[in-house]
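Asks: Just dropping this structure here.
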Amino acid sequence: MAKATKLSLGCLGLIKPEVDLIRTILRMSSRLDDNWALVESGECDAILIYNPDKNYEPFQLKPTTKLIHIKRRGESASGYVFFKPFRADELIDTLIAIASSSDEIAPPVAQSEEPQVTYKLKKWPSADLLQQDKHYMLLAVHLSRSAKTLQDLIKLSGRPEIYCDHFLNFLKSKDLLEINFNRIDVQTTSNVAKEQKQNFFSMLRKRLGLL
Amino acid sequence: MTIPDYVKNAAQQECDNFLAEQTGALAAVISSADGFDVASAVTRSLDPARIAAMASSIAAIGSVVSQETQLGISKSVTVNTEDGVVYIAYIELQGVTYILNIIANSSAILAQIIYNCSEIRKRLKVL
Amino acid sequence: MIEYKLVFTGTTGAGKTTAISAISETAPISTDVANSDTGFQKSHTTVGLDFGQITLANGDRLRLFGTPGQSRFDFMWKILVKDAFGLIILIDNSRPDPLADLDLYLKGFSEEIYTTPCVIGIGRSESHPTPSLDDFSDKLCEYQLTLPILPVDVRLADDVIMLIDVLMAQAESDLK
């Protein structure tokens, strides 16, 4: 999506080498397409923030400013998150999601996502779309089987919330998603049968060299 | 592989005779190893094409079993049912393997079917 | 010991026997006989089934079955797909009408296709790019299906493994 002006990203609580890394990612990523710039003060569209103490100086929050909390991997998180050790692709996914999300202060999942909203693929996506990211096919598989909530998708794929949400937005933009706002009927498999099958698949993946 | 008309006619004659003469016979179908019927005589609403396909599958599975168990080449497979019998045997036409499939009700005697099929095999082999 | 079954089906010459051979731990059993059908450029064709297997470290087994391709053997399709955890449909894109071929298997497995995990592998799509994968996707929409459609070369074990990996993902998705 082309933007007339660049989006601005601030960093708070990061050390200089980390800030330099972020600056390099913004500059070098073809996926970001030079749509983001690092700023050192003033209003910004998003702030990468570590250990916030609610003092955002020298930045000024707009109603639409997104906070991206920096956490250690394994820590519980909600909303926009960037995990340490840093991975460039995760930051890029997050910034793309922010750029395409609606203008709300709160993270998109908390405000726009109700637990009973489900998504299902209407049609298998094109090869071009799936080839954009190696995890897209797995997400598409899950969405093709039955209606899933965002939480289902996160749990099944092991991908972060932001990543899954971005993929859903992408599919929505291509009119490939069936969205349902009704309560989901949950079919349950017995725990024993489920465990047996999961164990079998895990062993089969090892046997086939997939793990 | 195309078999000459006279061979095909002879095969058809064998099927017709079998149906007419064998007590309890319901169908006699001769098919290629890959399941195409080449000659048949059937009663009821039996479909020769379907019988041919099923017979070739059963014959092939019989062959695999005999190979796996090292019991030599498979010659026939018998399916005993509540109300009759299905007998599937390998024959030769013009040096090529074909399958003779017999379906009969419970009034048929299996030993008689086996004997008659053996005679059919001998007659068709020399054509 | 638990045993699961996986079935390969699809057009004659699409590579069902080859796919099983690529991953089976033992030489597969096959019921190939001389092919008299001039519609297929193959010397032999499967008339019963192909069989291979993979044994896991704990003794569980995955049994691999290949069906005959021609529709006159559809009674074998029903027999073999019973209780299968997954179905792989292989299509040869070099054939005259691959979309019609897919139709045949979607109809032939009409009971299973909506519940059993299923993935479609398109062979020879590099040398024969039409119909495209998107065309197959459109065909599935006619059946209200959204099944994974992947280009594959079943001579390569990695491609066959990828198909199985996608099937497992589908099966895991179904577990709740």
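Residues in the structure tokens are numbered from 1 in each chain, the chains being A, B, ... in the order shown, and ligands are numbered from 1 in the order shown.
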Excluding Gly121 in chain C and residues on its chain fewer than 3 positions from it, collect all residues at most 6 Å away from it, counting only C-alpha atoms, and give them as a list in words.
Replies: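 Listing them by chain and then by number gives Leu90, Ile149, Leu150, Pro151 and Val152 of chain C.
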Asks: How would the residues just picked look written out with C-alpha atoms as a compact mmCIF listing (two decimals), in the first residue's frame?
Replies:
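out-v4.txt was written with the following content:
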```txt
# COMPACT_ATOMS: atom_id res chain seq x y z
CA LEU C 90 -1.86 -36.89 -7.65
CA ILE C 149 -2.74 -27.70 -4.01
CA LEU C 150 1.00 -28.16 -4.40
CA PRO C 151 3.31 -28.63 -7.39
CA VAL C 152 5.31 -31.81 -6.84
```
Asks: Using 9 Å as the limit and counting only C-alpha atoms, can you tabulate each residue of chain C that touches chain A, with its shortest atom-to-atom distance in Å and the two atoms involved, as a tab-separated table?
Replies:
```
residue	atom	partner	partner_atom	distance
C:Ile2	CA	A:Phe200	CA	8.3
C:Tyr4	CA	A:Phe200	CA	8.9
C:Ile23	CA	A:Leu208	CA	8.5
C:Ile54	CA	A:Arg207	CA	8.5
C:Thr55	CA	A:Arg207	CA	8.5
C:Leu56	CA	A:Arg207	CA	6.5
C:Ala57	CA	A:Met203	CA	7.4
C:Asn58	CA	A:Met203	CA	8.2
C:Asp60	CA	A:Phe200	CA	7.5
C:Arg61	CA	A:Phe200	CA	8.9
C:Leu62	CA	A:Leu204	CA	8.3
C:Thr115	CA	A:Arg145	CA	8.7
C:Pro117	CA	A:Arg145	CA	8.2
C:Leu133	CA	A:Ala127	CA	7.2
C:Asp134	CA	A:Ser126	CA	5.9
C:Ser137	CA	A:Trp124	CA	5.8
C:Asp138	CA	A:Lys123	CA	7.5
C:Leu140	CA	A:Lys123	CA	7.9
C:Cys141	CA	A:Lys123	CA	6.4
C:Gln144	CA	A:Lys122	CA	8.1
C:Leu145	CA	A:Lys123	CA	7.4
C:Thr146	CA	A:Lys123	CA	5.2
C:Leu147	CA	A:Trp124	CA	6.4
C:Pro148	CA	A:Trp124	CA	6.4
C:Ile149	CA	A:Trp124	CA	7.6
C:Leu150	CA	A:Ala127	CA	8.4
C:Asp158	CA	A:Leu208	CA	8.9
C:Ile161	CA	A:Leu208	CA	6.8
C:Met162	CA	A:Leu210	CA	8.9
C:Asp165	CA	A:Arg205	CA	7.5
C:Val166	CA	A:Val141	CA	7.3
C:Leu167	CA	A:Val141	CA	8.9
C:Met168	CA	A:Phe201	CA	6.6
C:Ala169	CA	A:Val141	CA	6.9
C:Gln170	CA	A:Val141	CA	6.1
C:Ala171	CA	A:Arg145	CA	8.7
C:Glu172	CA	A:Gln198	CA	7.1
C:Ser173	CA	A:His142	CA	5.5
C:Asp174	CA	A:Arg145	CA	6.9
C:Leu175	CA	A:Thr189	CA	6.1
C:Lys176	CA	A:Thr188	CA	5.1
```
Asks: Taking only C-alpha atoms into account and nothing else, which residues of chain C lie no more than 12 Å away from chain B? Please answer as an MDAnalysis selection string.
Replies: chainID C and resid 27:38 43:51 67:77 79
Asks: Kindly export the residues of the current selection with C-alpha atoms, as a CSV table (one decimal), in the first residue's frame.
Replies:
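Contents of part_29.csv, as written:
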```csv
chain,number,residue,atom,x,y,z
C,27,ALA,CA,10.4,-52.3,-1.5
C,28,PRO,CA,6.7,-51.7,-2.1
C,29,ILE,CA,4.3,-54.4,-3.1
C,30,SER,CA,2.6,-53.7,-6.3
C,31,THR,CA,0.0,-55.3,-8.5
C,32,ASP,CA,1.1,-54.0,-11.8
C,33,VAL,CA,0.1,-55.8,-14.9
C,34,ALA,CA,0.5,-55.2,-18.6
C,35,ASN,CA,-1.5,-52.2,-19.8
C,36,SER,CA,-3.8,-52.7,-22.7
C,37,ASP,CA,-5.4,-49.2,-22.5
C,38,THR,CA,-4.0,-47.1,-25.3
C,43,SER,CA,3.6,-50.4,-20.2
C,44,HIS,CA,2.1,-51.4,-16.9
C,45,THR,CA,-0.7,-50.3,-14.7
C,46,THR,CA,-1.9,-51.0,-11.1
C,47,VAL,CA,-5.0,-53.1,-10.9
C,48,GLY,CA,-5.1,-54.0,-7.2
C,49,LEU,CA,-3.1,-51.8,-4.9
C,50,ASP,CA,0.4,-50.7,-4.1
C,51,PHE,CA,1.6,-51.1,-0.6
C,67,THR,CA,-5.0,-47.2,-5.6
C,68,PRO,CA,-5.5,-48.1,-9.3
C,69,GLY,CA,-6.0,-44.9,-11.3
C,70,GLN,CA,-8.7,-45.9,-13.7
C,71,SER,CA,-12.3,-45.4,-12.6
C,72,ARG,CA,-13.3,-48.9,-13.4
C,73,PHE,CA,-11.4,-49.9,-10.3
C,74,ASP,CA,-13.3,-47.4,-8.1
C,75,PHE,CA,-14.5,-50.3,-5.9
C,76,MET,CA,-10.8,-50.5,-4.8
C,77,TRP,CA,-10.8,-46.8,-4.0
C,79,ILE,CA,-11.9,-50.4,0.1
```
Asks: Apply DSSP to the structure's backbone, then extract all residues of chain B labelled alpha helix (DSSP H) and return them as a ChimeraX atom specification.
Replies: /B:5-21,48-68,110-125
Asks: Take the residues from that selection and write them out as a PDB file, in the first residue's frame, keeping C-alpha atoms.
Replies:
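Once written, part01.pdb looks like this:
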```
ATOM      1  CA  ASP B   5     -11.641 -62.291 -34.079  1.00  0.00           C
ATOM      2  CA  TYR B   6     -11.635 -66.068 -34.260  1.00  0.00           C
ATOM      3  CA  VAL B   7     -10.011 -66.272 -30.826  1.00  0.00           C
ATOM      4  CA  LYS B   8     -12.455 -63.732 -29.431  1.00  0.00           C
ATOM      5  CA  ASN B   9     -15.339 -65.700 -30.933  1.00  0.00           C
ATOM      6  CA  ALA B  10     -14.033 -68.907 -29.436  1.00  0.00           C
ATOM      7  CA  ALA B  11     -13.742 -67.240 -26.042  1.00  0.00           C
ATOM      8  CA  GLN B  12     -17.304 -65.965 -26.354  1.00  0.00           C
ATOM      9  CA  GLN B  13     -18.489 -69.445 -27.267  1.00  0.00           C
ATOM     10  CA  GLU B  14     -16.814 -70.893 -24.191  1.00  0.00           C
ATOM     11  CA  CYS B  15     -18.545 -68.330 -21.969  1.00  0.00           C
ATOM     12  CA  ASP B  16     -21.948 -69.027 -23.581  1.00  0.00           C
ATOM     13  CA  ASN B  17     -21.513 -72.794 -23.267  1.00  0.00           C
ATOM     14  CA  PHE B  18     -20.387 -72.566 -19.676  1.00  0.00           C
ATOM     15  CA  LEU B  19     -23.415 -70.523 -18.721  1.00  0.00           C
ATOM     16  CA  ALA B  20     -25.744 -72.918 -20.522  1.00  0.00           C
ATOM     17  CA  GLU B  21     -24.225 -76.140 -19.234  1.00  0.00           C
ATOM     18  CA  PRO B  48     -19.368 -57.778 -17.291  1.00  0.00           C
ATOM     19  CA  ALA B  49     -17.183 -54.658 -17.256  1.00  0.00           C
ATOM     20  CA  ARG B  50     -17.423 -54.426 -13.480  1.00  0.00           C
ATOM     21  CA  ILE B  51     -16.812 -58.127 -13.027  1.00  0.00           C
ATOM     22  CA  ALA B  52     -13.780 -57.916 -15.298  1.00  0.00           C
ATOM     23  CA  ALA B  53     -12.251 -55.100 -13.272  1.00  0.00           C
ATOM     24  CA  MET B  54     -12.876 -56.792  -9.940  1.00  0.00           C
ATOM     25  CA  ALA B  55     -11.554 -60.105 -11.191  1.00  0.00           C
ATOM     26  CA  SER B  56      -8.312 -58.517 -12.361  1.00  0.00           C
ATOM     27  CA  SER B  57      -7.810 -56.869  -8.955  1.00  0.00           C
ATOM     28  CA  ILE B  58      -8.459 -60.089  -7.095  1.00  0.00           C
ATOM     29  CA  ALA B  59      -6.225 -62.079  -9.431  1.00  0.00           C
ATOM     30  CA  ALA B  60      -3.424 -59.554  -9.046  1.00  0.00           C
ATOM     31  CA  ILE B  61      -3.683 -59.596  -5.263  1.00  0.00           C
ATOM     32  CA  GLY B  62      -3.632 -63.391  -5.388  1.00  0.00           C
ATOM     33  CA  SER B  63      -0.427 -63.215  -7.411  1.00  0.00           C
ATOM     34  CA  VAL B  64       1.192 -60.919  -4.897  1.00  0.00           C
ATOM     35  CA  VAL B  65       0.233 -63.192  -2.011  1.00  0.00           C
ATOM     36  CA  SER B  66       1.664 -66.245  -3.742  1.00  0.00           C
ATOM     37  CA  GLN B  67       4.902 -64.372  -4.485  1.00  0.00           C
ATOM     38  CA  GLU B  68       5.244 -63.004  -0.970  1.00  0.00           C
ATOM     39  CA  LEU B 110     -16.882 -76.062  -7.048  1.00  0.00           C
ATOM     40  CA  ALA B 111     -14.924 -79.096  -8.174  1.00  0.00           C
ATOM     41  CA  GLN B 112     -16.971 -79.186 -11.351  1.00  0.00           C
ATOM     42  CA  ILE B 113     -16.345 -75.490 -11.970  1.00  0.00           C
ATOM     43  CA  ILE B 114     -12.605 -75.974 -11.478  1.00  0.00           C
ATOM     44  CA  TYR B 115     -12.568 -78.947 -13.844  1.00  0.00           C
ATOM     45  CA  ASN B 116     -14.558 -77.154 -16.539  1.00  0.00           C
ATOM     46  CA  CYS B 117     -12.403 -74.071 -16.304  1.00  0.00           C
ATOM     47  CA  SER B 118      -9.340 -76.245 -16.704  1.00  0.00           C
ATOM     48  CA  GLU B 119     -10.833 -77.654 -19.880  1.00  0.00           C
ATOM     49  CA  ILE B 120     -11.601 -74.161 -21.155  1.00  0.00           C
ATOM     50  CA  ARG B 121      -8.029 -73.166 -20.456  1.00  0.00           C
ATOM     51  CA  LYS B 122      -6.693 -76.093 -22.479  1.00  0.00           C
ATOM     52  CA  ARG B 123      -8.984 -75.420 -25.437  1.00  0.00           C
ATOM     53  CA  LEU B 124      -8.238 -71.693 -25.615  1.00  0.00           C
ATOM     54  CA  LYS B 125      -4.515 -72.114 -25.141  1.00  0.00           C
TER      55      LYS B 125
END
```
Asks: Using only C-alpha atoms, determine which residues lie at most 7 Å from Tyr87 in chain B, disregarding the query and same-chain residues fewer than 6 positions distant; provide the list as a VMD selection string.
Replies: chain B and resid 77 to 79 101 to 103
Asks: As a list in words, please: every residue in range 19-67 of chain C that a backbone DSSP assignment puts in strand (DSSP E or B).
Replies: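 Written out, the strand (DSSP E or B) residues of range 19-67 of chain C are Ile29, Ser30, Thr31, Asp32, Val33, Ala34, His44, Thr45, Thr46, Val47, Gly48, Leu49, Asp50, Phe51, Gly52, Gln53, Ile54, Thr55, Arg61, Leu62, Arg63, Leu64, Phe65 and Gly66 of chain C.
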Asks: Could you turn the residues from that selection into a file that holds C-alpha atoms, as a compact mmCIF listing (two decimals), in the first residue's frame?
Replies:
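Writing the result to result-v8.txt gives the following:
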```
# COMPACT_ATOMS: atom_id res chain seq x y z
CA ILE C 29 4.32 -54.44 -3.08
CA SER C 30 2.60 -53.66 -6.33
CA THR C 31 -0.04 -55.31 -8.47
CA ASP C 32 1.13 -53.97 -11.80
CA VAL C 33 0.07 -55.80 -14.94
CA ALA C 34 0.53 -55.17 -18.65
CA HIS C 44 2.11 -51.40 -16.90
CA THR C 45 -0.73 -50.29 -14.69
CA THR C 46 -1.85 -50.97 -11.13
CA VAL C 47 -5.00 -53.09 -10.92
CA GLY C 48 -5.13 -53.96 -7.24
CA LEU C 49 -3.08 -51.82 -4.95
CA ASP C 50 0.40 -50.66 -4.08
CA PHE C 51 1.59 -51.12 -0.56
CA GLY C 52 4.49 -49.72 1.41
CA GLN C 53 5.12 -48.85 5.00
CA ILE C 54 7.10 -46.74 7.42
CA THR C 55 7.83 -47.99 10.93
CA ARG C 61 3.39 -47.87 11.64
CA LEU C 62 2.25 -45.81 8.71
CA ARG C 63 0.85 -47.97 5.94
CA LEU C 64 0.98 -46.48 2.46
CA PHE C 65 -1.56 -47.61 -0.09
CA GLY C 66 -1.79 -46.71 -3.74
```
Asks: Counting only C-alpha atoms, what is within 12 Å of range 7-18 of chain A, bar same-chain residues fewer than 6 positions away, as a ChimeraX atom specification?
Replies: /A:24-26,32-62,64-71,82,84-88,91,94-96,98-100
Asks: I need the chosen residues saved as a PDB file, in the first residue's frame, with C-alpha atoms.
Replies:
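To be explicit, this is the file written out as part19.pdb:
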```
ATOM      1  CA  THR A  24      19.433  -0.665   9.385  1.00  0.00           C
ATOM      2  CA  ILE A  25      16.380  -2.911   9.189  1.00  0.00           C
ATOM      3  CA  LEU A  26      14.139   0.010   8.270  1.00  0.00           C
ATOM      4  CA  LEU A  32       9.007  -2.294   4.263  1.00  0.00           C
ATOM      5  CA  ASP A  33       9.681  -0.469   1.006  1.00  0.00           C
ATOM      6  CA  ASP A  34      11.217   2.535   2.749  1.00  0.00           C
ATOM      7  CA  ASN A  35       7.844   3.341   4.388  1.00  0.00           C
ATOM      8  CA  TRP A  36       9.287   3.715   7.883  1.00  0.00           C
ATOM      9  CA  ALA A  37      11.861   6.104   9.308  1.00  0.00           C
ATOM     10  CA  LEU A  38      13.462   6.232  12.714  1.00  0.00           C
ATOM     11  CA  VAL A  39      12.801   9.416  14.690  1.00  0.00           C
ATOM     12  CA  GLU A  40      14.408  10.579  17.893  1.00  0.00           C
ATOM     13  CA  SER A  41      11.661  12.734  19.329  1.00  0.00           C
ATOM     14  CA  GLY A  42       8.208  14.222  18.836  1.00  0.00           C
ATOM     15  CA  GLU A  43       5.100  12.535  17.511  1.00  0.00           C
ATOM     16  CA  CYS A  44       5.441   9.091  15.953  1.00  0.00           C
ATOM     17  CA  ASP A  45       3.286   6.357  14.547  1.00  0.00           C
ATOM     18  CA  ALA A  46       4.853   3.623  16.670  1.00  0.00           C
ATOM     19  CA  ILE A  47       7.308   3.355  19.556  1.00  0.00           C
ATOM     20  CA  LEU A  48       9.524   0.380  20.313  1.00  0.00           C
ATOM     21  CA  ILE A  49       9.580   0.455  24.074  1.00  0.00           C
ATOM     22  CA  TYR A  50      11.586  -1.486  26.676  1.00  0.00           C
ATOM     23  CA  ASN A  51      10.622  -1.433  30.349  1.00  0.00           C
ATOM     24  CA  PRO A  52       8.131   1.404  30.077  1.00  0.00           C
ATOM     25  CA  ASP A  53       7.602   3.582  33.102  1.00  0.00           C
ATOM     26  CA  LYS A  54       4.767   5.479  31.423  1.00  0.00           C
ATOM     27  CA  ASN A  55       7.129   8.321  30.660  1.00  0.00           C
ATOM     28  CA  TYR A  56       7.429   8.497  26.910  1.00  0.00           C
ATOM     29  CA  GLU A  57       9.658  11.560  26.643  1.00  0.00           C
ATOM     30  CA  PRO A  58      11.106  12.756  24.291  1.00  0.00           C
ATOM     31  CA  PHE A  59       8.245  11.253  22.249  1.00  0.00           C
ATOM     32  CA  GLN A  60       4.665  12.448  22.202  1.00  0.00           C
ATOM     33  CA  LEU A  61       1.877   9.936  21.826  1.00  0.00           C
ATOM     34  CA  LYS A  62      -0.822  10.543  19.257  1.00  0.00           C
ATOM     35  CA  THR A  64      -3.069   6.490  16.902  1.00  0.00           C
ATOM     36  CA  THR A  65       0.444   5.779  18.162  1.00  0.00           C
ATOM     37  CA  LYS A  66       1.096   2.032  18.527  1.00  0.00           C
ATOM     38  CA  LEU A  67       3.261   0.791  21.377  1.00  0.00           C
ATOM     39  CA  ILE A  68       5.499  -2.158  20.507  1.00  0.00           C
ATOM     40  CA  HIS A  69       6.674  -3.697  23.766  1.00  0.00           C
ATOM     41  CA  ILE A  70      10.057  -5.386  23.808  1.00  0.00           C
ATOM     42  CA  LYS A  71      10.005  -8.653  25.750  1.00  0.00           C
ATOM     43  CA  PHE A  82       9.037  -7.493  19.603  1.00  0.00           C
ATOM     44  CA  LYS A  84      14.611 -10.452  22.218  1.00  0.00           C
ATOM     45  CA  PRO A  85      16.832 -11.868  20.784  1.00  0.00           C
ATOM     46  CA  PHE A  86      15.705  -9.697  17.903  1.00  0.00           C
ATOM     47  CA  ARG A  87      14.692 -11.130  14.542  1.00  0.00           C
ATOM     48  CA  ALA A  88      14.399  -8.723  11.668  1.00  0.00           C
ATOM     49  CA  LEU A  91       9.879  -6.520  13.372  1.00  0.00           C
ATOM     50  CA  THR A  94       4.849  -6.046  12.993  1.00  0.00           C
ATOM     51  CA  LEU A  95       5.487  -2.784  11.168  1.00  0.00           C
ATOM     52  CA  ILE A  96       3.605  -4.024   8.111  1.00  0.00           C
ATOM     53  CA  ILE A  98       0.675  -1.588  11.982  1.00  0.00           C
ATOM     54  CA  ALA A  99       0.780   0.136   8.616  1.00  0.00           C
ATOM     55  CA  SER A 100      -2.242  -1.812   7.381  1.00  0.00           C
TER      56      SER A 100
END
```
Asks: If you measure from CA of Val85 in chain B to CA of Ala39 in chain B, what distance in Å do you get, rounded to one decimal?
Replies: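 According to the coordinates, CA of Val85 in chain B and CA of Ala39 in chain B are separated by 20.0 Å.
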Asks: Rank nothing, just name the residue among C:Asp97, C:Glu3, C:Leu106, C:Ser21 nearest to Cys118 in chain C, using only C-alpha atoms.
Replies: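 Looking only at the distances to Cys118 in chain C, the closest residue turns out to be C:Leu106.
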